[in-house]
Structures are given as C-alpha cells and as structure tokens.
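Enquirer: Next comes protein_21.tsv, TSV, C-alpha atoms and all ligand atoms:
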chain	number	residue	atom	x	y	z
X	1	MET	CA	0.35	-137.25	45.83
X	2	PRO	CA	-0.70	-135.53	49.06
X	3	ASP	CA	1.10	-132.22	49.58
X	4	LEU	CA	4.65	-133.29	48.74
X	5	ILE	CA	7.15	-130.52	48.15
X	6	VAL	CA	8.11	-130.01	44.51
X	7	TYR	CA	11.71	-128.76	44.12
X	8	PRO	CA	12.27	-126.69	41.00
X	9	GLY	CA	15.39	-128.26	39.44
X	10	TRP	CA	18.09	-130.58	40.76
X	11	ARG	CA	20.15	-127.76	42.20
X	12	THR	CA	17.43	-126.93	44.71
X	13	VAL	CA	17.09	-130.49	46.03
X	14	PRO	CA	18.47	-130.79	49.61
X	15	ALA	CA	21.41	-133.10	50.22
X	16	GLY	CA	19.46	-135.92	51.87
X	17	LEU	CA	17.00	-136.58	49.01
X	18	TYR	CA	17.74	-138.89	46.06
X	19	SER	CA	15.87	-140.23	43.06
X	20	LYS	CA	15.73	-144.00	42.46
X	21	THR	CA	18.34	-143.67	39.71
X	22	GLN	CA	20.65	-141.67	41.93
X	23	LEU	CA	20.38	-144.28	44.68
X	24	ALA	CA	21.13	-147.01	42.13
X	25	ASP	CA	24.15	-145.01	40.84
X	26	LEU	CA	25.83	-144.81	44.24
X	27	ASP	CA	29.19	-146.51	44.52
X	28	LEU	CA	27.43	-148.97	46.82
X	29	PRO	CA	23.89	-148.92	45.37
X	30	ARG	CA	20.77	-148.40	47.42
X	31	VAL	CA	17.01	-148.69	46.91
X	32	PRO	CA	14.22	-146.61	48.48
X	33	GLY	CA	13.30	-147.96	51.90
X	34	GLY	CA	10.53	-145.53	52.83
X	35	PRO	CA	7.73	-143.60	51.15
X	36	GLN	CA	8.36	-140.95	48.52
X	37	ARG	CA	9.25	-137.69	50.31
X	38	ALA	CA	9.20	-135.04	47.54
X	39	TRP	CA	9.30	-134.32	43.81
X	40	VAL	CA	11.81	-132.58	41.64
X	41	GLU	CA	10.55	-130.84	38.54
X	42	THR	CA	13.05	-130.55	35.70
X	43	SER	CA	12.82	-129.52	32.10
X	44	ASN	CA	14.83	-131.18	29.36
X	45	TRP	CA	16.60	-129.37	26.53
X	46	ARG	CA	13.33	-129.13	24.61
X	47	GLY	CA	11.76	-127.36	27.58
X	48	LYS	CA	9.52	-130.35	28.31
X	49	LYS	CA	8.76	-130.77	32.02
X	50	ASP	CA	9.66	-133.97	33.82
X	51	HIS	CA	9.01	-135.09	37.39
X	52	PHE	CA	11.13	-137.45	39.46
X	53	GLU	CA	10.23	-139.02	42.77
X	54	LEU	CA	12.61	-138.25	45.63
X	55	TYR	CA	13.34	-140.51	48.59
X	56	ALA	CA	15.18	-139.93	51.84
X	57	LEU	CA	18.69	-141.32	51.83
X	58	ALA	CA	18.30	-141.94	55.57
X	59	GLU	CA	15.39	-144.32	54.88
X	60	SER	CA	17.01	-146.09	51.93
X	61	LEU	CA	18.45	-149.60	52.07
X	62	PRO	CA	21.34	-151.43	50.42
X	63	SER	CA	20.26	-152.92	47.10
X	64	PRO	CA	19.83	-156.71	46.96
X	65	ALA	CA	23.16	-157.18	45.09
X	66	THR	CA	25.81	-159.07	47.02
X	67	ALA	CA	29.30	-157.72	47.47
X	68	ALA	CA	30.58	-160.33	45.00
X	69	GLN	CA	28.03	-159.24	42.39
X	70	LEU	CA	29.04	-155.58	42.86
X	71	GLU	CA	32.69	-156.47	42.38
X	72	ALA	CA	31.91	-158.45	39.22
X	73	ALA	CA	29.87	-155.56	37.81
X	74	ARG	CA	32.68	-153.12	38.54
X	75	HIS	CA	35.18	-155.28	36.69
X	76	ARG	CA	32.91	-155.59	33.66
X	77	ALA	CA	32.76	-151.80	33.43
X	78	ALA	CA	36.09	-150.14	32.58
X	79	THR	CA	37.84	-150.25	35.91
X	80	GLY	CA	36.68	-147.46	38.15
X	81	THR	CA	35.39	-145.29	35.30
X	82	GLY	CA	33.53	-142.29	36.67
X	83	ARG	CA	34.24	-143.25	40.24
X	84	VAL	CA	37.55	-141.49	40.92
X	85	CYS	CA	38.34	-137.80	40.58
X	86	GLY	CA	41.03	-137.36	37.92
X	87	GLU	CA	42.65	-134.58	39.90
X	88	CYS	CA	42.62	-135.25	43.63
X	89	GLY	CA	41.72	-138.93	43.69
X	90	ALA	CA	38.52	-138.48	45.69
X	91	ARG	CA	36.17	-141.46	45.48
X	92	PRO	CA	32.72	-139.94	46.03
X	93	ASP	CA	29.67	-142.09	46.67
X	94	ARG	CA	27.98	-140.44	43.69
X	95	PRO	CA	29.39	-140.83	40.14
X	96	VAL	CA	32.13	-138.32	39.28
X	97	PRO	CA	30.74	-136.05	36.52
X	98	GLU	CA	32.56	-134.94	33.41
X	99	LEU	CA	34.17	-131.53	33.76
X	100	GLY	CA	32.27	-130.06	30.80
X	101	ALA	CA	28.95	-131.04	32.35
X	102	VAL	CA	29.75	-129.24	35.61
X	103	THR	CA	31.62	-126.09	34.65
X	104	GLY	CA	30.01	-125.08	31.39
X	105	PHE	CA	32.42	-124.89	28.50
X	106	ALA	CA	32.87	-121.13	28.80
X	107	TYR	CA	34.89	-121.71	31.95
X	108	LEU	CA	37.30	-124.26	30.59
X	109	PRO	CA	40.78	-122.83	30.11
X	110	ASP	CA	42.24	-123.39	26.67
X	111	GLY	CA	44.93	-125.93	27.40
X	112	ASP	CA	44.91	-128.41	30.18
X	113	ALA	CA	41.30	-129.23	30.96
X	114	GLU	CA	39.51	-131.49	28.51
X	115	PRO	CA	35.74	-131.36	29.00
X	116	THR	CA	35.53	-135.16	29.24
X	117	ARG	CA	37.87	-135.36	32.23
X	118	ARG	CA	36.07	-136.56	35.30
X	119	LEU	CA	36.61	-134.31	38.30
X	120	CYS	CA	34.94	-134.13	41.69
X	121	LEU	CA	32.81	-131.03	42.29
X	122	ALA	CA	35.51	-129.30	44.32
X	123	CYS	CA	38.21	-129.85	41.69
X	124	ALA	CA	35.82	-128.74	38.92
X	125	ARG	CA	35.23	-125.59	40.92
X	126	VAL	CA	38.95	-124.93	41.20
X	127	VAL	CA	39.23	-125.21	37.40
X	128	ARG	CA	36.40	-122.72	36.96
X	129	LEU	CA	37.81	-120.32	39.54
X	130	ARG	CA	41.27	-120.42	37.98
X	131	ALA	CA	39.81	-119.78	34.54
X	132	ALA	CA	37.73	-116.85	35.83
X	133	VAL	CA	40.74	-115.31	37.58
X	134	ALA	CA	42.91	-115.74	34.46
X	135	ALA	CA	40.23	-114.10	32.29
X	136	ALA	CA	40.02	-111.20	34.75
X	137	ALA	CA	43.79	-110.74	34.60
X	138	ARG	CA	43.68	-110.48	30.81
X	139	THR	CA	40.95	-107.82	30.82
X	140	ARG	CA	42.83	-105.93	33.55
X	141	THR	CA	45.78	-105.40	31.22
X	142	GLU	CA	43.45	-104.22	28.45
X	143	ALA	CA	41.75	-101.77	30.82
X	144	ALA	CA	45.12	-100.37	31.94
X	145	ARG	CA	46.18	-99.81	28.32
X	146	TRP	CA	42.89	-98.10	27.63
X	147	ALA	CA	43.43	-95.81	30.65
X	148	ALA	CA	46.94	-94.91	29.47
X	149	ARG	CA	45.62	-93.98	26.01
X	150	VAL	CA	42.81	-91.87	27.45
X	151	LEU	CA	45.08	-90.14	29.96
X	152	ALA	CA	47.53	-89.28	27.20
X	153	ALA	CA	44.81	-87.10	25.67
X	154	ALA	CA	44.63	-85.14	28.97
X	155	PRO	CA	40.83	-85.20	29.10
X	156	PRO	CA	38.64	-83.31	31.54
X	157	VAL	CA	36.86	-85.52	34.06
X	158	VAL	CA	33.25	-84.44	34.53
X	159	ARG	CA	30.90	-85.79	37.16
X	160	VAL	CA	27.21	-84.93	37.04
X	161	ASP	CA	24.65	-85.70	39.70
X	162	GLU	CA	20.97	-84.94	39.31
X	163	VAL	CA	19.05	-83.47	42.27
X	164	PHE	CA	15.41	-84.51	42.54
X	165	ARG	CA	12.44	-83.41	44.62
X	166	PRO	CA	11.90	-85.53	47.74
X	167	PRO	CA	9.18	-88.15	47.17
X	168	ALA	CA	5.60	-86.97	47.76
X	169	PRO	CA	3.78	-88.29	50.86
X	170	SER	CA	1.96	-90.64	48.47
X	171	GLY	CA	5.35	-92.14	47.60
X	172	ARG	CA	5.21	-90.80	44.04
X	173	ARG	CA	8.48	-89.52	42.70
X	174	ASN	CA	8.97	-86.69	40.28
X	175	LEU	CA	11.74	-87.83	37.95
X	176	GLU	CA	12.41	-84.39	36.51
X	177	PRO	CA	15.66	-83.13	38.10
X	178	VAL	CA	15.47	-79.71	39.76
X	179	ALA	CA	19.23	-79.11	39.78
X	180	LEU	CA	22.52	-80.58	38.61
X	181	ARG	CA	25.61	-80.88	40.75
X	182	VAL	CA	28.64	-80.63	38.53
X	183	ASP	CA	32.17	-81.51	39.56
X	184	ALA	CA	34.84	-81.23	36.87
X	185	VAL	CA	38.61	-81.28	36.83
X	186	THR	CA	41.03	-81.00	33.94
X	187	ALA	CA	43.83	-83.52	33.65
X	188	ILE	CA	46.40	-80.93	32.55
X	189	SER	CA	45.91	-77.90	34.76
X	190	GLY	CA	44.04	-79.63	37.54
X	191	ARG	CA	41.61	-76.73	37.48
X	192	ARG	CA	38.45	-77.68	39.27
X	193	VAL	CA	34.86	-76.55	38.71
X	194	GLN	CA	32.30	-77.40	41.35
X	195	ALA	CA	28.85	-75.94	41.06
X	196	THR	CA	25.17	-76.59	41.43
X	197	ILE	CA	23.04	-75.56	38.48
X	198	ARG	CA	19.42	-74.57	38.94
X	199	LEU	CA	16.99	-76.25	36.57
X	200	ALA	CA	13.68	-75.38	38.27
X	201	GLY	CA	12.08	-72.03	39.10
X	202	PRO	CA	12.71	-70.02	42.30
X	203	ARG	CA	9.64	-71.43	44.04
X	204	VAL	CA	10.87	-75.02	43.98
X	205	LYS	CA	12.18	-75.67	47.49
X	206	ALA	CA	14.15	-78.76	46.54
X	207	VAL	CA	16.66	-76.68	44.60
X	208	PRO	CA	19.82	-76.38	46.78
X	209	ALA	CA	20.45	-72.88	48.14
X	210	ASP	CA	23.83	-72.56	46.42
X	211	ALA	CA	22.40	-73.25	42.94
X	212	VAL	CA	23.27	-70.81	40.17
X	213	GLU	CA	21.61	-70.09	36.83
X	214	PRO	CA	22.83	-72.31	33.96
X	215	GLY	CA	23.93	-69.31	31.88
X	216	SER	CA	26.52	-68.24	34.44
X	217	LEU	CA	28.51	-71.43	33.88
X	218	ALA	CA	28.11	-71.81	30.13
X	219	GLU	CA	31.48	-70.25	29.41
X	220	VAL	CA	33.27	-72.64	31.77
X	221	LEU	CA	31.40	-75.83	30.99
X	222	ARG	CA	30.89	-75.71	27.23
X	223	PRO	CA	34.62	-76.04	26.41
X	224	LEU	CA	34.84	-79.03	28.76
X	225	LEU	CA	31.89	-80.70	27.06
X	226	ALA	CA	33.37	-80.00	23.64
X	227	ALA	CA	36.79	-81.44	24.53
X	228	GLU	CA	38.14	-84.08	22.19
X	229	MET	CA	37.80	-86.60	24.98
X	230	VAL	CA	35.80	-86.41	28.22
X	231	VAL	CA	35.88	-88.92	31.06
X	232	THR	CA	32.84	-89.68	33.22
X	233	TRP	CA	32.04	-92.56	35.55
X	234	ARG	CA	28.70	-93.70	34.18
X	235	PRO	CA	27.74	-93.95	30.53
X	236	GLU	CA	25.38	-91.10	29.58
X	237	GLU	CA	26.49	-89.11	32.62
X	238	LEU	CA	26.94	-85.97	30.49
X	239	ARG	CA	23.47	-86.15	29.02
X	240	PRO	CA	21.73	-83.67	31.39
X	241	LEU	CA	24.51	-81.13	30.81
X	242	LEU	CA	24.48	-81.56	27.06
X	243	ARG	CA	20.71	-81.16	27.04
X	244	LEU	CA	21.12	-77.99	29.03
X	245	TYR	CA	23.80	-76.31	26.96
X	246	TYR	CA	22.95	-77.58	23.48
X	247	ALA	CA	19.35	-76.98	22.49
X	248	ASP	CA	19.46	-79.43	19.62
X	249	ALA	CA	20.80	-82.95	20.21
X	250	LEU	CA	22.16	-82.89	16.65
X	251	THR	CA	24.61	-80.19	17.67
X	252	TRP	CA	25.96	-82.09	20.70
X	253	PRO	CA	29.74	-82.27	20.69
X	254	ARG	CA	30.81	-85.60	19.24
X	255	GLY	CA	33.98	-85.97	21.27
X	256	GLY	CA	34.89	-89.29	22.81
X	257	HIS	CA	32.86	-89.68	25.99
X	258	ASN	CA	34.51	-92.36	28.04
X	259	SER	CA	32.82	-93.80	31.06
X	260	LEU	CA	35.26	-95.27	33.53
X	261	TRP	CA	32.90	-97.56	35.41
X	262	GLU	CA	33.13	-100.66	33.24
X	263	ARG	CA	36.87	-100.28	32.64
X	264	ALA	CA	37.54	-99.73	36.33
X	265	THR	CA	35.56	-102.89	37.06
X	266	TRP	CA	37.78	-104.84	34.65
X	267	TRP	CA	40.88	-103.20	36.01
X	268	ARG	CA	40.04	-104.08	39.59
X	269	GLY	CA	39.23	-107.51	38.23
X	270	GLU	CA	38.18	-108.95	41.56
X	271	VAL	CA	36.44	-112.26	40.95
X	272	ASP	CA	33.60	-113.04	43.34
X	273	PRO	CA	34.47	-116.59	44.41
X	274	ASP	CA	30.81	-117.58	44.74
X	275	THR	CA	29.39	-116.24	41.48
X	276	LEU	CA	32.69	-116.12	39.52
X	277	ALA	CA	31.56	-112.72	38.21
X	278	VAL	CA	33.87	-109.71	38.47
X	279	ARG	CA	32.73	-107.37	41.26
X	280	HIS	CA	31.47	-103.95	40.17
X	281	ALA	CA	33.92	-101.16	40.91
X	282	ILE	CA	32.67	-98.64	43.45
X	283	ASP	CA	31.93	-95.07	42.31
X	284	PRO	CA	34.72	-92.64	43.35
X	285	VAL	CA	31.99	-89.89	43.39
X	286	THR	CA	34.19	-86.80	43.03
X	287	ALA	CA	35.93	-85.66	39.84
X	288	ASP	CA	39.40	-85.57	41.40
X	289	ARG	CA	39.07	-89.10	42.76
X	290	THR	CA	37.77	-90.31	39.40
X	291	LEU	CA	40.86	-88.79	37.78
X	292	LEU	CA	43.07	-90.35	40.46
X	293	LEU	CA	41.60	-93.76	39.67
X	294	LEU	CA	42.22	-93.22	35.95
X	295	ARG	CA	45.84	-92.31	36.76
X	296	ARG	CA	46.29	-95.40	38.91
X	297	MET	CA	44.88	-97.57	36.13
X	298	ALA	CA	47.15	-95.98	33.53
X	299	ALA	CA	50.20	-96.42	35.76
X	300	THR	CA	49.80	-100.21	35.61
X	301	ALA	CA	49.78	-100.39	31.82
X	302	PRO	CA	52.66	-102.48	30.44
X	303	PRO	CA	55.40	-99.99	29.45
X	304	ASP	CA	55.78	-101.11	25.82
X	305	LYS	CA	52.39	-99.91	24.70
X	306	ALA	CA	51.72	-97.47	27.54
X	307	VAL	CA	51.55	-94.36	25.37
X	308	THR	CA	50.28	-95.20	21.95
X	309	LYS	CA	48.16	-92.31	20.94
D	401	ZN	ZN	38.86	-133.84	43.06
Take the structure I supplied and represent it as structure tokens, if you would.
Ligand SMILES: [Zn+2]

Expert:
Amino acid sequence: MPDLIVYPGWRTVPAGLYSKTQLADLDLPRVPGGPQRAWVETSNWRGKKDHFELYALAESLPSPATAAQLEAARHRAATGTGRVCGECGARPDRPVPELGAVTGFAYLPDGDAEPTRRLCLACARVVRLRAAVAAAARTRTEAARWAARVLAAAPPVVRVDEVFRPPAPSGRRNLEPVALRVDAVTAISGRRVQATIRLAGPRVKAVPADAVEPGSLAEVLRPLLAAEMVVTWRPEELRPLLRLYYADALTWPRGGHNSLWERATWWRGEVDPDTLAVRHAIDPVTADRTLLLLRRMAATAPPDKAVTK
C-alpha cells in the first residue's frame, strides 16, 4: 500500500474515516465508494496486531439494500436495540455502545448504572464524570478527618528546600545541595524558625550569603525533628535535615512524618473534566501557609469524628 497513514488505535482515527464494518453498522448502512485512504493498527487482548482498512465517509455510498429491506432487517432484530441512547434518547448514526465498554468498570457508580445499558458517548461521559466527582467527595471527607487528627497533635510544620549550584556551562548539574533553606512553625506557639544552613565550604559561591553553620541551629531544629508528629508538604522532605543532624540513619527519630501534599490534593478534590483525574494541589511553599492549609482542611471535618485522637 503506497504511503498510507497508519493510525495507532481507533481513538486516533479522525472523524471522517471508517472501516468497512463501521460503514455497514451505520443506522443507514454505507459501503466504500473510493479508494482506501488509511490504516488503523489495533492490538487485541492477546496483544496480537491487527490492521483495518479505512475509507473516507465523504466518498462512501449507500449500501445496495432498499429502504424496505432495511426496515425488515430492523424488525427482525429486537426493535431498535443498540440504536437509541437509554438516557437522552439520541439516535446516533453509529451503534450506541454499552456503558461498560465506554467508561471502564472502575467509573461505574455502585447503584444506577448497569454496564450493559446502552448510552451515547455524551451520556456515558456524564456517568463517568459524576462517578469521579462522587469519589473525590468521599476522599475529601477522609482527608479532612485526617487533618483534624494530625492538627490535634499540634505538630510542627517543617519546610525544607535544597539549594543547588547553578548548572555548569556544559549543562551538567551538580545534585549535591550546597545549602538548605528551612522554614518551620509550631502549631501551638506559632513560633517560627527561618534559616539557611550551609552545607558546603566557604569557597562555594552558590551558598547564600545569609547561610549559617548547621551546629548553630541544632538546638532549635532537633526537637522539631524529634516531635511525635511532624508535617511537611512532600514525602521525604525532612530527609536532608535528618541526614544533617543524625549521623546514623538508624537513630533517626521515628515520629510520624506526615506529608500534606497527597491529602491536600484529595481535600481539594477538584476533578479535571478532561482526564477525570483529581488535580494536584499547589505547594503553599512557606511553613505558615502549609499550617494554614492544614487548619482549613481540619475545619471541614465532620464534627462527630473531628477530634478522635
Ligand atoms: Zn445520550
């Protein structure tokens, strides 16, 4: 076949191209009326590749069946099966698919939507969207309860940011941090610690001018790190600090280190209407804003279980 486009999978096939079977499955069937215009490459559930010829709808022609024959065929089949959307009553040219085939079973809500119901693509999408939004609402409540529990322990919030050397002219990056910016606030007293800790020697220019030696902050930071519960934004955010103040990883404090990022994402619970995924929460950056977000999350916890410590 001379230089025909091969589309990888049905989803990538443009609207105006149909296979022979698809043309035959139209409500008013058609047959190819011009040359083959492209291929679609699919793989079946065994992973075996298959190719289908694609024709332009614009060049296709009505099939030889007469209107009377089409009517007779329709009556032989269960009346209208697969031709009418069970929700909105749309009568698409193409067969109406079963809900389970379109949405994926993970997106079917428990009760009302049987996977064998036939819905048009728009109505199937509404079902999926509603299910995704309902799932987000459930996890939001869980995240709020979690925040209330954590806040009840009055944990310090510690934010750590690594400072690196600027990339070399060659583009190579040195991934060894030269300093740590630490921003911490305690939930009880609201006492705030903001400092830059020097990790590299005095000749390293990338170290910020306000950086202090690690030892000068040990007395302030070690109790925060050893708190029963510590809140960060990212998982592993405390790692550089722990490495700095505890020589042996075996002696690292084993308090509950709670990263807020994932929980805040659930709590915001904003479903992206295109992907149906929940949008990632945006980093509050500073310790006091991170604590503020934790407080806002906790404030929305249902009152009955709000403070179960
Ligand atoms: Zn519909």

Enquirer: What is the atom CA of Gly86 of chain X-atom CA of Arg117 of chain X distance in Å, reported with one decimal?

Expert: 6.8 Å

Enquirer: Taking all atoms listed in the file into account, which of X:Ile197, X:Ala77, X:Val285, X:Ala67 comes nearest Tyr245 of chain X?

Expert: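 The shortest atom-to-atom distance to Tyr245 of chain X comes from X:Ile197.
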
Enquirer: As JSON, numbers by chain, please: the residues near segment 174-184 of chain X (cut-off 6 Å, all atoms listed in the file, same-chain neighbours under 3 positions excluded).

Expert: {"X": [157, 158, 159, 160, 161, 162, 163, 164, 192, 193, 194, 195, 196, 197, 198, 199, 200, 207, 287]}

Enquirer: Any residue with an atom at most 7 Å from ligand ZN 401 (chain D) counts, using all atoms listed in the file. Which are they? Put them as a compact mmCIF listing (two decimals) with C-alpha atoms, in the coordinates of the input.

Expert:
# COMPACT_ATOMS: atom_id res chain seq x y z
CA CYS X 85 38.34 -137.80 40.58
CA GLY X 86 41.03 -137.36 37.92
CA GLU X 87 42.65 -134.58 39.90
CA CYS X 88 42.62 -135.25 43.63
CA GLY X 89 41.72 -138.93 43.69
CA ALA X 90 38.52 -138.48 45.69
CA LEU X 119 36.61 -134.31 38.30
CA CYS X 120 34.94 -134.13 41.69
CA LEU X 121 32.81 -131.03 42.29
CA ALA X 122 35.51 -129.30 44.32
CA CYS X 123 38.21 -129.85 41.69

Enquirer: Tell me which of X:Leu291, X:Leu129, X:Leu70, X:Ala24 sits closest to Leu57 of chain X, counting all atoms listed in the file.

Expert: X:Ala24

Enquirer: Residues at most 9 Å from Arg295 of chain X, counting all atoms listed in the file, excluding those fewer than 6 positions away in the same chain, as a list of chain:residue names?

Expert: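 Once the adjacent positions are removed, what remains is X:Ala147, X:Ala148, X:Leu151.
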
Enquirer: Report the distance between atom CA of Pro62 of chain X and atom CA of Gln36 of chain X in Å, rounded to one decimal place.

Expert: 16.8 Å

Enquirer: Do you have the atom CA of Ala137 of chain X-atom CA of Thr275 of chain X distance handy?

Expert: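 The value is 16.9 Å.
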
Enquirer: Contacts of segment 267-271 of chain X at 8 Å or less, counting all atoms listed in the file, minus same-chain residues fewer than 6 places along, as a list in words?

Expert: Ala132, Val133, Ala136, Ala137, Thr139, Arg140, Thr141, Ala143, Ala144, Ala277, Val278, Arg279, Ala281 and Met297 of chain X
